[in-house]
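Here is the structure we will look at, set down as structure tokens.
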Amino acid sequence: MSGRGARPFFRHPGQVVVSAFAGAIGLGTILLMLPVSRSGPDSAPFTDALFTSTSAVCVTGLVTVDTPSYWSGFGEVVILALFQVGGFGIMTFASVLGLLVSRRMGLRTRLTAAAETKAMGLGDMRRVVRGVIKVSLLFEVVTAVLLTARLAIGYDENLGRAAYLGVFHAVSAFNNAGFALYSDSLVGFVDDPWICLPVAIAVIAGGLGFPVLFELRRELWRPRGWSLHTKITLAGSGILLVGGTLFVTASEWSNPGTLGGLDTPGRLLAGFFQSVMPRTAGFNSLDYGQMEDGTLLGTTVLMFIGGGSAGTAGGIKVTTFFLLFFVIYAEVRGERRVNAFDRQIDERATRQALTVALLSVAAVVTAALVLLASTELRTEQVMFEVTSAFGTVGLSTGITADLPTFGHYLLVGLMFLGRLGPITLVSALALRERQRMYELPEGRPIIG
């Protein structure tokens, strides 16, 4: 149907983002259901294929089957392609294809890309898209080279196999996907800094977000010129990394199932690694099923917060969490305005942060209650699992495969919601903003 009164099929960039992610998940599911994708004689069931495809596109890392033994080489390549596409952002990837064809981007395409990348304004989106690809490939190539060299020299892998493992884990790390080609993730490398540190650095870089990486590339040595977003993201990420390292190391120091069997350098490395991964990569070098309940609770909090905006990490985002902290700080001090780093925070941003946080809490708690009511799992296990799914983390205490079928579908929904919910919600709130032409009388209900 055409004509002046016709409405566009997609009236909001967020609808394009959601549809593109859903299409990628559907295509991935079909490919993983092909007999060639599975190492066994039969094709993968629909539930396992859908769960794996969703986990890969949403760069989560939760799995219902053992990745290296269940999927064939073709299936592993499909999974790698899915989390690479998911990490770039479907709309960024589509924008690149559009540039190659037409070399021109219209307003609708720019809005679509901005919804996924959260670039600071529309600007020249072609430059943004090219920058996303360059930065991503730079970190992935460097990480892949380091991992390949270590696996070939230190673990006697032949060069071809070492390169394949290096590329897979490098791409998985930068995209915060958490997929590994070892059945125990990276537990076998728990005290090897040549494996753990490159992976951790790639995870941190991907989790900072592309706007921060772009700004650091331009003004790395001029911190006074950094934007408020970059300052909050870097400061918040640093606090969470240091605090998380100290917390995990102290909590698990004497646990024989985790850090207890390592020497002091190994314990510090493992503690740091476990602090990085909830931000939201999903690799683990310790068995989370053996961790103390307090450690699981602290890790759950880190997973819920997540990483930086417009990056490959999930969660409610560091900026959202620390913006709410500044709101509380201002209220405790009796200040009418919220300030951070010598800047006044816009009231719309604080309302959006509060909305995202509360709706995210509602989603996690509702899913946890459903699983608790229908299974006999412990509360801490269920909360850990649903938060990992919503935060697109991928860490697990080992209960994912044992959940009933409806539980797998519930986690699929949480992964999809957690990856796209904050993006589409904030963009929708921003575009729906309107100015009321009158003011109502003030009222003050009793608080507390």
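Ordering of the structure tokens sets the chain letters (A, B, ...), residue numbers begin anew at 1 in every chain, and ligands are numbered from 1 in the order given.
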
Surrounding residues of stretch 131-146 of chain A excluding itself and chain neighbours under 4 positions, 10 Å, only C-alpha atoms, as a ChimeraX atom specification: /A:84,87-89,92-93,96,117,125-127,150-151,162-175,194-195,197-203,205-206,209-211,213-214,217,311

Point-to-point distance from atom CA of A:Ser72 to atom CA of A:Phe189, Å rounded to tenths: 23.6 Å

Surrounding residues of A:Thr245 excluding itself and chain neighbours under 3 positions, 7 Å, only C-alpha atoms, as a PyMOL selection string: chain A and resi 241-242+248-249+271-272+275
